[in-house]
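Raw contents of target_11.cif, mmCIF, C-alpha atoms, pLDDT in the B column; chains and numbers go by the auth columns:
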data_work
#
loop_
_atom_site.group_PDB
_atom_site.id
_atom_site.type_symbol
_atom_site.label_atom_id
_atom_site.label_comp_id
_atom_site.label_asym_id
_atom_site.label_seq_id
_atom_site.Cartn_x
_atom_site.Cartn_y
_atom_site.Cartn_z
_atom_site.B_iso_or_equiv
_atom_site.auth_seq_id
_atom_site.auth_asym_id
ATOM 1 C CA MET A 1 10.231 -11.544 -10.017 90.00 188 D
ATOM 2 C CA LEU A 2 11.927 -9.837 -12.945 95.00 189 D
ATOM 3 C CA ASP A 3 15.686 -10.261 -13.211 96.00 190 D
ATOM 4 C CA LYS A 4 18.194 -7.392 -13.303 96.00 191 D
ATOM 5 C CA ASP A 5 18.332 -7.247 -17.107 97.00 192 D
ATOM 6 C CA GLN A 6 14.547 -7.225 -17.451 97.00 193 D
ATOM 7 C CA ILE A 7 14.245 -4.459 -14.851 97.00 194 D
ATOM 8 C CA ALA A 8 16.850 -2.356 -16.677 96.00 195 D
ATOM 9 C CA ALA A 9 15.182 -2.900 -20.061 97.00 196 D
ATOM 10 C CA ALA A 10 11.729 -2.015 -18.707 97.00 197 D
ATOM 11 C CA SER A 11 13.102 1.161 -17.164 96.00 198 D
ATOM 12 C CA GLN A 12 14.846 2.134 -20.403 95.00 199 D
ATOM 13 C CA ALA A 13 11.591 1.699 -22.339 95.00 200 D
ATOM 14 C CA LEU A 14 9.728 3.977 -19.922 96.00 201 D
ATOM 15 C CA VAL A 15 12.492 6.603 -19.892 94.00 202 D
ATOM 16 C CA LYS A 16 12.538 6.744 -23.681 93.00 203 D
ATOM 17 C CA HIS A 17 8.808 7.475 -23.794 93.00 204 D
ATOM 18 C CA TRP A 18 9.140 10.116 -21.043 91.00 205 D
ATOM 19 C CA ARG A 19 11.937 11.897 -22.887 91.00 206 D
ATOM 20 C CA ASP A 20 10.207 11.658 -26.259 92.00 207 D
ATOM 21 C CA CYS A 21 6.836 12.771 -24.776 90.00 208 D
ATOM 22 C CA THR A 22 5.199 9.714 -26.333 93.00 209 D
ATOM 23 C CA LYS A 23 2.743 7.079 -25.124 94.00 210 D
ATOM 24 C CA PHE A 24 2.495 3.326 -25.482 94.00 211 D
ATOM 25 C CA ASP A 25 0.015 0.598 -24.585 94.00 212 D
ATOM 26 C CA ALA A 26 2.071 -1.493 -22.165 95.00 213 D
ATOM 27 C CA LEU A 27 5.502 -2.889 -21.491 96.00 214 D
ATOM 28 C CA GLU A 28 6.144 -5.995 -23.560 96.00 215 D
ATOM 29 C CA PRO A 29 5.094 -9.174 -21.711 96.00 216 D
ATOM 30 C CA ARG A 30 8.606 -10.324 -20.762 97.00 217 D
ATOM 31 C CA LEU A 31 9.327 -6.917 -19.165 97.00 218 D
ATOM 32 C CA ARG A 32 5.950 -6.352 -17.553 97.00 219 D
ATOM 33 C CA PRO A 33 6.020 -6.170 -13.721 97.00 220 D
ATOM 34 C CA GLN A 34 3.828 -8.783 -12.083 94.00 221 D
ATOM 35 C CA SER A 35 3.913 -7.330 -8.567 96.00 222 D
ATOM 36 C CA ARG A 36 4.361 -4.087 -6.660 96.00 223 D
ATOM 37 C CA ALA A 37 7.920 -5.229 -5.876 96.00 224 D
ATOM 38 C CA ASP A 38 8.690 -5.551 -9.605 98.00 225 D
ATOM 39 C CA GLY A 39 7.172 -2.121 -10.194 98.00 226 D
ATOM 40 C CA TYR A 40 9.269 -0.473 -7.505 98.00 227 D
ATOM 41 C CA ALA A 41 12.423 -2.187 -8.782 97.00 228 D
ATOM 42 C CA ILE A 42 11.854 -0.675 -12.228 97.00 229 D
ATOM 43 C CA GLN A 43 11.046 2.716 -10.690 97.00 230 D
ATOM 44 C CA ALA A 44 14.307 2.680 -8.718 97.00 231 D
ATOM 45 C CA VAL A 45 16.287 2.411 -11.953 95.00 232 D
ATOM 46 C CA LEU A 46 14.377 5.402 -13.347 89.00 233 D
ATOM 47 C CA GLU A 47 16.004 7.531 -10.654 88.00 234 D
ATOM 48 C CA SER A 48 19.493 6.683 -11.902 89.00 235 D
ATOM 49 C CA GLN A 49 18.492 7.580 -15.470 88.00 236 D
ATOM 50 C CA SER A 50 16.874 10.909 -14.597 88.00 237 D
ATOM 51 C CA LEU A 51 18.373 14.242 -15.640 86.00 238 D
ATOM 52 C CA GLY A 52 17.726 15.511 -12.103 92.00 239 D
ATOM 53 C CA LYS A 53 18.315 14.463 -8.527 96.00 240 D
ATOM 54 C CA LEU A 54 15.830 13.023 -6.057 97.00 241 D
ATOM 55 C CA PHE A 55 13.760 15.939 -4.718 98.00 242 D
ATOM 56 C CA GLY A 56 11.248 13.895 -2.782 98.00 243 D
ATOM 57 C CA TRP A 57 8.270 11.575 -3.044 98.00 244 D
ATOM 58 C CA LYS A 58 4.665 11.636 -4.170 98.00 245 D
ATOM 59 C CA ILE A 59 1.735 9.493 -3.202 97.00 246 D
ATOM 60 C CA ALA A 60 -0.750 8.622 -5.928 95.00 247 D
ATOM 61 C CA ALA A 61 -4.319 7.549 -5.252 92.00 248 D
ATOM 62 C CA THR A 62 -4.750 8.602 -1.625 90.00 249 D
ATOM 63 C CA SER A 63 -8.348 9.600 -2.321 84.00 250 D
ATOM 64 C CA GLU A 64 -11.239 7.540 -3.649 84.00 251 D
ATOM 65 C CA ALA A 65 -11.434 9.902 -6.635 82.00 252 D
ATOM 66 C CA GLY A 66 -7.723 9.458 -7.302 86.00 253 D
ATOM 67 C CA GLN A 67 -8.029 5.685 -7.092 88.00 254 D
ATOM 68 C CA LYS A 68 -10.903 5.706 -9.559 87.00 255 D
ATOM 69 C CA HIS A 69 -8.955 8.025 -11.864 86.00 256 D
ATOM 70 C CA ILE A 70 -6.169 5.484 -12.400 90.00 257 D
ATOM 71 C CA ASN A 71 -8.187 2.371 -11.463 90.00 258 D
ATOM 72 C CA VAL A 72 -6.206 1.120 -8.470 90.00 259 D
ATOM 73 C CA ALA A 73 -7.317 -0.082 -5.044 86.00 260 D
ATOM 74 C CA GLY A 74 -4.907 1.923 -2.899 90.00 261 D
ATOM 75 C CA PRO A 75 -1.946 4.319 -2.717 96.00 262 D
ATOM 76 C CA LEU A 76 1.251 4.112 -4.783 97.00 263 D
ATOM 77 C CA ALA A 77 4.584 5.840 -4.097 98.00 264 D
ATOM 78 C CA GLY A 78 6.631 7.637 -6.737 98.00 265 D
ATOM 79 C CA ARG A 79 9.787 9.725 -6.956 98.00 266 D
ATOM 80 C CA ILE A 80 9.818 13.501 -7.560 98.00 267 D
ATOM 81 C CA MET A 81 12.962 14.445 -9.480 97.00 268 D
ATOM 82 C CA SER A 82 14.439 17.931 -9.307 97.00 269 D
ATOM 83 C CA ASP A 83 14.136 18.533 -13.052 95.00 270 D
ATOM 84 C CA THR A 84 10.340 18.153 -12.825 96.00 271 D
ATOM 85 C CA VAL A 85 9.836 20.866 -10.174 98.00 272 D
ATOM 86 C CA ILE A 86 8.163 24.089 -11.383 98.00 273 D
ATOM 87 C CA ALA A 87 8.608 27.322 -9.413 98.00 274 D
ATOM 88 C CA ASP A 88 5.570 28.594 -7.529 98.00 275 D
ATOM 89 C CA GLY A 89 3.770 30.974 -9.889 98.00 276 D
ATOM 90 C CA GLY A 90 5.665 29.585 -12.861 98.00 277 D
ATOM 91 C CA THR A 91 4.490 27.942 -16.073 98.00 278 D
ATOM 92 C CA ALA A 92 4.205 24.217 -16.769 98.00 279 D
ATOM 93 C CA SER A 93 4.377 22.811 -20.266 96.00 280 D
ATOM 94 C CA MET A 94 1.454 20.710 -21.468 95.00 281 D
ATOM 95 C CA LYS A 95 3.636 18.981 -24.069 93.00 282 D
ATOM 96 C CA GLY A 96 3.010 15.249 -24.060 91.00 283 D
ATOM 97 C CA ASN A 97 0.592 15.494 -21.120 94.00 284 D
ATOM 98 C CA GLU A 98 -2.501 13.429 -21.845 92.00 285 D
ATOM 99 C CA MET A 99 -3.767 13.021 -18.276 94.00 286 D
ATOM 100 C CA ARG A 100 -4.252 16.821 -18.141 96.00 287 D
ATOM 101 C CA VAL A 101 -5.284 17.325 -14.534 97.00 288 D
ATOM 102 C CA GLY A 102 -4.098 19.449 -11.632 98.00 289 D
ATOM 103 C CA GLU A 103 -4.195 18.386 -7.992 97.00 290 D
ATOM 104 C CA PRO A 104 -3.991 20.562 -4.830 98.00 291 D
ATOM 105 C CA GLU A 105 -1.893 18.863 -2.147 98.00 292 D
ATOM 106 C CA PHE A 106 -0.364 19.151 1.316 98.00 293 D
ATOM 107 C CA ALA A 107 3.416 18.651 1.173 98.00 294 D
ATOM 108 C CA PHE A 108 5.867 18.059 4.022 99.00 295 D
ATOM 109 C CA ARG A 109 9.632 18.610 4.027 98.00 296 D
ATOM 110 C CA MET A 110 11.508 16.228 6.278 98.00 297 D
ATOM 111 C CA GLY A 111 13.821 17.538 8.984 98.00 298 D
ATOM 112 C CA ARG A 112 15.589 14.268 9.765 98.00 299 D
ATOM 113 C CA ASP A 113 16.030 10.808 8.295 98.00 300 D
ATOM 114 C CA LEU A 114 13.578 7.959 8.788 98.00 301 D
ATOM 115 C CA PRO A 115 15.630 4.843 7.993 98.00 302 D
ATOM 116 C CA PRO A 116 14.239 1.335 7.510 98.00 303 D
ATOM 117 C CA ARG A 117 13.524 -0.499 10.757 97.00 304 D
ATOM 118 C CA ALA A 118 11.743 -3.649 11.905 97.00 305 D
ATOM 119 C CA THR A 119 8.646 -1.928 13.293 98.00 306 D
ATOM 120 C CA PRO A 120 6.294 0.451 11.456 98.00 307 D
ATOM 121 C CA TYR A 121 6.514 4.187 12.049 98.00 308 D
ATOM 122 C CA SER A 122 3.534 5.751 13.808 98.00 309 D
ATOM 123 C CA VAL A 123 2.013 9.031 12.647 98.00 310 D
ATOM 124 C CA ASP A 124 3.597 10.725 15.667 98.00 311 D
ATOM 125 C CA ASP A 125 7.010 9.237 14.830 98.00 312 D
ATOM 126 C CA VAL A 126 6.830 10.622 11.306 98.00 313 D
ATOM 127 C CA LEU A 127 5.489 14.044 12.302 98.00 314 D
ATOM 128 C CA ALA A 128 8.332 14.411 14.787 98.00 315 D
ATOM 129 C CA ALA A 129 10.742 14.066 11.831 98.00 316 D
ATOM 130 C CA VAL A 130 9.004 16.772 9.735 98.00 317 D
ATOM 131 C CA ASP A 131 10.555 20.205 9.362 98.00 318 D
ATOM 132 C CA THR A 132 8.017 22.258 7.352 98.00 319 D
ATOM 133 C CA LEU A 133 4.589 22.142 5.699 98.00 320 D
ATOM 134 C CA HIS A 134 3.897 23.597 2.235 98.00 321 D
ATOM 135 C CA PRO A 135 0.930 24.063 -0.091 98.00 322 D
ATOM 136 C CA ALA A 136 1.612 22.273 -3.375 98.00 323 D
ATOM 137 C CA ILE A 137 0.206 21.343 -6.773 98.00 324 D
ATOM 138 C CA GLU A 138 0.882 18.102 -8.582 98.00 325 D
ATOM 139 C CA ILE A 139 0.453 17.677 -12.340 98.00 326 D
ATOM 140 C CA PRO A 140 0.502 13.911 -12.911 97.00 327 D
ATOM 141 C CA ASP A 141 0.773 11.990 -16.173 96.00 328 D
ATOM 142 C CA SER A 142 1.568 8.506 -17.436 95.00 329 D
ATOM 143 C CA ARG A 143 3.471 7.036 -20.346 94.00 330 D
ATOM 144 C CA PHE A 144 0.640 4.550 -20.791 95.00 331 D
ATOM 145 C CA GLY A 145 -1.965 5.760 -23.252 92.00 332 D
ATOM 146 C CA ASP A 146 -4.709 3.946 -21.346 92.00 333 D
ATOM 147 C CA PHE A 147 -3.413 4.474 -17.821 91.00 334 D
ATOM 148 C CA ALA A 148 -6.716 3.309 -16.313 90.00 335 D
ATOM 149 C CA SER A 149 -6.077 -0.222 -17.592 91.00 336 D
ATOM 150 C CA ALA A 150 -2.311 -0.381 -16.940 93.00 337 D
ATOM 151 C CA GLY A 151 -2.667 -1.851 -13.453 94.00 338 D
ATOM 152 C CA GLU A 152 -0.865 -0.882 -10.254 95.00 339 D
ATOM 153 C CA ALA A 153 2.404 -2.722 -10.961 96.00 340 D
ATOM 154 C CA GLN A 154 2.940 -0.951 -14.291 96.00 341 D
ATOM 155 C CA LEU A 155 1.841 2.394 -12.832 97.00 342 D
ATOM 156 C CA ILE A 156 4.370 2.029 -10.000 97.00 343 D
ATOM 157 C CA ALA A 157 7.015 1.244 -12.620 97.00 344 D
ATOM 158 C CA ASP A 158 5.887 4.410 -14.422 97.00 345 D
ATOM 159 C CA ASN A 159 6.838 6.349 -11.273 97.00 346 D
ATOM 160 C CA ALA A 160 3.266 6.350 -9.926 97.00 347 D
ATOM 161 C CA CYS A 161 2.298 8.864 -12.623 95.00 348 D
ATOM 162 C CA ALA A 162 4.743 11.512 -11.352 96.00 349 D
ATOM 163 C CA HIS A 163 5.176 14.275 -13.933 96.00 350 D
ATOM 164 C CA LEU A 164 5.446 17.906 -12.741 98.00 351 D
ATOM 165 C CA PHE A 165 5.309 19.395 -9.256 98.00 352 D
ATOM 166 C CA VAL A 166 4.907 22.889 -7.778 98.00 353 D
ATOM 167 C CA LEU A 167 6.012 23.571 -4.196 98.00 354 D
ATOM 168 C CA GLY A 168 4.652 26.616 -2.391 98.00 355 D
ATOM 169 C CA ALA A 169 6.423 28.597 0.303 98.00 356 D
ATOM 170 C CA THR A 170 6.890 27.237 3.815 98.00 357 D
ATOM 171 C CA THR A 171 3.780 27.912 5.870 98.00 358 D
ATOM 172 C CA THR A 172 4.328 30.255 8.807 97.00 359 D
ATOM 173 C CA ALA A 173 1.182 29.088 10.600 98.00 360 D
ATOM 174 C CA ASN A 174 1.344 26.678 13.525 98.00 361 D
ATOM 175 C CA TRP A 175 0.157 23.783 11.400 98.00 362 D
ATOM 176 C CA ARG A 176 0.971 21.201 14.072 98.00 363 D
ATOM 177 C CA ALA A 177 -1.841 22.637 16.216 97.00 364 D
ATOM 178 C CA MET A 178 -4.350 22.502 13.338 97.00 365 D
ATOM 179 C CA ASP A 179 -6.702 19.742 12.243 96.00 366 D
ATOM 180 C CA LEU A 180 -5.514 19.202 8.676 98.00 367 D
ATOM 181 C CA VAL A 181 -8.409 16.778 8.147 98.00 368 D
ATOM 182 C CA GLU A 182 -10.848 19.690 8.126 97.00 369 D
ATOM 183 C CA GLU A 183 -8.752 22.133 6.096 98.00 370 D
ATOM 184 C CA ARG A 184 -10.676 23.262 2.983 98.00 371 D
ATOM 185 C CA PRO A 185 -8.293 24.730 0.393 98.00 372 D
ATOM 186 C CA GLN A 186 -9.968 26.795 -2.321 98.00 373 D
ATOM 187 C CA ILE A 187 -8.978 26.152 -5.924 98.00 374 D
ATOM 188 C CA THR A 188 -9.554 28.772 -8.633 98.00 375 D
ATOM 189 C CA LEU A 189 -9.509 27.591 -12.243 98.00 376 D
ATOM 190 C CA ARG A 190 -11.037 29.292 -15.326 97.00 377 D
ATOM 191 C CA GLY A 191 -13.144 31.559 -13.137 96.00 378 D
ATOM 192 C CA GLN A 192 -14.633 28.664 -11.186 98.00 379 D
ATOM 193 C CA ARG A 193 -13.975 27.915 -7.523 98.00 380 D
ATOM 194 C CA TYR A 194 -13.719 24.478 -5.958 98.00 381 D
ATOM 195 C CA LEU A 195 -13.260 23.383 -2.357 98.00 382 D
ATOM 196 C CA GLY A 196 -10.833 20.638 -1.409 98.00 383 D
ATOM 197 C CA HIS A 197 -10.934 18.743 1.866 98.00 384 D
ATOM 198 C CA GLY A 198 -8.073 17.400 3.960 98.00 385 D
ATOM 199 C CA LYS A 199 -10.023 14.243 4.744 97.00 386 D
ATOM 200 C CA ASN A 200 -9.807 13.233 1.067 96.00 387 D
ATOM 201 C CA VAL A 201 -6.095 12.518 1.573 96.00 388 D
ATOM 202 C CA LEU A 202 -6.257 8.971 2.974 95.00 389 D
ATOM 203 C CA GLY A 203 -8.509 10.346 5.711 96.00 390 D
ATOM 204 C CA ASP A 204 -5.747 12.690 6.961 98.00 391 D
ATOM 205 C CA PRO A 205 -2.660 14.103 5.164 98.00 392 D
ATOM 206 C CA ARG A 206 -0.574 13.143 8.203 98.00 393 D
ATOM 207 C CA VAL A 207 -1.708 9.522 7.888 98.00 394 D
ATOM 208 C CA ALA A 208 -0.737 9.619 4.203 98.00 395 D
ATOM 209 C CA LEU A 209 2.722 10.881 5.136 98.00 396 D
ATOM 210 C CA ALA A 210 3.151 8.001 7.580 98.00 397 D
ATOM 211 C CA TRP A 211 1.977 5.579 4.881 98.00 398 D
ATOM 212 C CA LEU A 212 4.753 6.826 2.594 98.00 399 D
ATOM 213 C CA ALA A 213 7.404 6.481 5.306 98.00 400 D
ATOM 214 C CA ASN A 214 6.318 2.896 5.913 98.00 401 D
ATOM 215 C CA GLU A 215 6.078 2.067 2.222 98.00 402 D
ATOM 216 C CA LEU A 216 9.713 3.148 1.863 98.00 403 D
ATOM 217 C CA ARG A 217 10.616 1.274 5.058 98.00 404 D
ATOM 218 C CA GLY A 218 9.272 -1.907 3.470 97.00 405 D
ATOM 219 C CA LEU A 219 11.410 -1.266 0.400 97.00 406 D
ATOM 220 C CA GLY A 220 14.551 -0.706 2.474 98.00 407 D
ATOM 221 C CA ILE A 221 14.677 2.988 1.539 98.00 408 D
ATOM 222 C CA THR A 222 15.459 5.856 3.928 98.00 409 D
ATOM 223 C CA LEU A 223 13.170 8.888 3.798 98.00 410 D
ATOM 224 C CA ARG A 224 15.856 11.552 4.108 98.00 411 D
ATOM 225 C CA ALA A 225 16.058 14.978 5.695 98.00 412 D
ATOM 226 C CA GLY A 226 15.390 17.668 3.093 98.00 413 D
ATOM 227 C CA GLU A 227 13.172 15.475 0.926 98.00 414 D
ATOM 228 C CA VAL A 228 9.633 16.654 0.225 98.00 415 D
ATOM 229 C CA VAL A 229 6.621 14.351 0.406 98.00 416 D
ATOM 230 C CA THR A 230 3.450 15.444 -1.347 98.00 417 D
ATOM 231 C CA THR A 231 0.546 13.500 0.076 98.00 418 D
ATOM 232 C CA GLY A 232 -2.056 13.282 -2.692 96.00 419 D
ATOM 233 C CA THR A 233 -4.898 15.379 -3.969 96.00 420 D
ATOM 234 C CA CYS A 234 -7.436 16.864 -1.565 96.00 421 D
ATOM 235 C CA HIS A 235 -9.918 17.435 -4.424 96.00 422 D
ATOM 236 C CA PRO A 236 -10.913 15.184 -7.343 94.00 423 D
ATOM 237 C CA PRO A 237 -8.396 15.782 -10.171 95.00 424 D
ATOM 238 C CA LEU A 238 -9.380 18.947 -12.068 97.00 425 D
ATOM 239 C CA PRO A 239 -9.085 19.103 -15.886 98.00 426 D
ATOM 240 C CA ILE A 240 -6.507 21.598 -17.164 98.00 427 D
ATOM 241 C CA GLN A 241 -5.493 22.929 -20.564 97.00 428 D
ATOM 242 C CA ALA A 242 -2.952 25.315 -22.080 97.00 429 D
ATOM 243 C CA GLY A 243 -3.700 28.893 -21.071 97.00 430 D
ATOM 244 C CA ASP A 244 -5.152 27.957 -17.680 98.00 431 D
ATOM 245 C CA HIS A 245 -4.019 29.370 -14.361 98.00 432 D
ATOM 246 C CA PHE A 246 -4.441 26.989 -11.416 98.00 433 D
ATOM 247 C CA ALA A 247 -4.371 28.719 -8.014 98.00 434 D
ATOM 248 C CA VAL A 248 -4.895 27.198 -4.588 98.00 435 D
ATOM 249 C CA ASP A 249 -5.530 29.156 -1.395 98.00 436 D
ATOM 250 C CA PHE A 250 -4.854 27.079 1.727 98.00 437 D
ATOM 251 C CA GLY A 251 -5.907 29.941 4.018 98.00 438 D
ATOM 252 C CA VAL A 252 -3.400 30.530 6.825 98.00 439 D
ATOM 253 C CA LEU A 253 -1.260 27.725 5.391 98.00 440 D
ATOM 254 C CA GLY A 254 -0.468 29.780 2.292 98.00 441 D
ATOM 255 C CA LYS A 255 -1.058 29.898 -1.439 98.00 442 D
ATOM 256 C CA VAL A 256 0.421 28.225 -4.507 98.00 443 D
ATOM 257 C CA SER A 257 -0.226 28.603 -8.241 98.00 444 D
ATOM 258 C CA VAL A 258 0.913 27.563 -11.688 98.00 445 D
ATOM 259 C CA GLY A 259 0.070 28.450 -15.299 98.00 446 D
ATOM 260 C CA PHE A 260 -0.048 26.108 -18.286 98.00 447 D
ATOM 261 C CA ALA A 261 1.337 26.594 -21.786 97.00 448 D
#
Rendering of file as structure tokens:
Amino acid sequence: MLDKDQIAAASQALVKHWRDCTKFDALEPRLRPQSRADGYAIQAVLESQSLGKLFGWKIAATSEAGQKHINVAGPLAGRIMSDTVIADGGTASMKGNEMRVGEPEFAFRMGRDLPPRATPYSVDDVLAAVDTLHPAIEIPDSRFGDFASAGEAQLIADNACAHLFVLGATTTANWRAMDLVEERPQITLRGQRYLGHGKNVLGDPRVALAWLANELRGLGITLRAGEVVTTGTCHPPLPIQAGDHFAVDFGVLGKVSVGFA
């Protein structure tokens, strides 16, 4: 386990690269996290050094395609900070973004706190604490030049590749009565259309949400009312470039879009 000084130094190194829009190969050996716990400890310090406030949480690698993209075996949790949120229909900068992909996602805003407890939260427990559902787009990136070889501990330290996030309007549909597993959002990008699938999100976006609540539970962190959780891409990450417009139609659940410059 890294000590307090090593955790702080590792976090400072990552923050500097984020702010400078630069990449590096890896944290130096003495600062490199050796476990998920080390990674999350470094990530927690990132929050205190951010220019924004905690807006919510993201889940990386909830789909097989997402896991292959960053070469990990399972999901990772990361923080969404308020200064990284782009307005629906707004424009995201491509500066420093080398991952260059967009991801259509189901996002939930919590209506009440889910504090740490001894027993895991069930899907029903977590859904009962949800306030609203939103269509969303995540634009991930990493400070590691070769993110596919960084390993899960370093990627967790790097905030699970959180970069920019677009939150659509609250859905007015009765989403609780719908089978989100079989929802097929349509993505439009450079004149091409692609179909996502709810089952790509850890088998069910609601299961992914419960995973996040329990991941935080294990870390002693409360998932708080008002925080947004975006549950991972429902389509393999789609390449983007400056000048693109990325639009997602979730049918009765709503629409969300973003441009790139």
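The space between CA of Leu396 in chain D and CA of Glu285 in chain D spans 27.6 Å.
For the pair CA of Lys210 in chain D and CA of Arg287 in chain D, the interatomic distance is 13.9 Å.
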Residues returned when the PyMOL selection byres ((chain D and resi 305) around 12) runs on this file, as a PyMOL selection string: chain D and resi 302-304+306-308+401+404-407
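Using only C-alpha atoms, the protein and nucleic acid residues lying at most 8 Å from the point (13.2, 13.9, -10.9) are D:Glu234, D:Ser237, D:Leu238, D:Gly239, D:Lys240, D:Leu241, D:Phe242, D:Arg266, D:Ile267, D:Met268, D:Ser269, D:Asp270, D:Thr271, D:Val272.
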Arg393 in chain D environment, 8 Å, all atoms listed in the file, sequence neighbours closer than 2 positions dropped, as a PyMOL selection string: chain D and resi 310+314+367+391+395-397
Of the listed residues D:Leu399, D:Val202, D:Val394, D:Leu389, that which approaches Ala231 in chain D most closely, counting only C-alpha atoms: D:Val202
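Excluding Gly276 in chain D itself and same-chain residues fewer than 6 positions from it, the residues having an atom within 9 Å of it are Val353, Gly355, Ala434, Val443, Ser444, Val445 and Gly446 of chain D, counting all atoms listed in the file.
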Could the residues in this selection be saved with C-alpha atoms as an mmCIF file, in the frame of the given file?
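As written to disk, selection02.cif reads:
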data_model
loop_
_atom_site.group_PDB
_atom_site.id
_atom_site.type_symbol
_atom_site.label_atom_id
_atom_site.label_comp_id
_atom_site.auth_asym_id
_atom_site.auth_seq_id
_atom_site.Cartn_x
_atom_site.Cartn_y
_atom_site.Cartn_z
ATOM 1 C CA VAL D 353 4.907 22.889 -7.778
ATOM 2 C CA GLY D 355 4.652 26.616 -2.391
ATOM 3 C CA ALA D 434 -4.371 28.719 -8.014
ATOM 4 C CA VAL D 443 0.421 28.225 -4.507
ATOM 5 C CA SER D 444 -0.226 28.603 -8.241
ATOM 6 C CA VAL D 445 0.913 27.563 -11.688
ATOM 7 C CA GLY D 446 0.070 28.450 -15.299
#
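Each of D:Ala224, D:Ala400, D:Val288, D:Ala264 was compared to Ser309 in chain D using only C-alpha atoms, and D:Ala400 turns out to be the nearest.
Residue nearest Leu351 in chain D within the list D:Ser329, D:Gln379, D:Ser250, D:Gln193: D:Ser329 [criterion: smallest interatomic distance, all atoms listed in the file].
Each of D:Arg219, D:Lys245, D:Arg330, D:His256 was compared to Lys203 in chain D using only C-alpha atoms, and D:Arg330 turns out to be the nearest.
Straight-line separation from CA of Arg380 in chain D to CA of Val368 in chain D: 20.0 Å.
Put simply, the PyMOL selection byres ((chain D and resi 356) around 12) on this file hits D:Ala274, D:Asp275, D:Gly276, D:Phe293, D:Ala294, D:Phe295, D:Arg296, D:Thr319, D:Leu320, D:His321, D:Pro322, D:Ala323, D:Ile324, D:Val353, D:Leu354, D:Gly355, D:Thr357, D:Thr358, D:Thr359, D:Ala360, D:Phe437, D:Val439, D:Leu440, D:Gly441, D:Lys442, D:Val443, D:Ser444.
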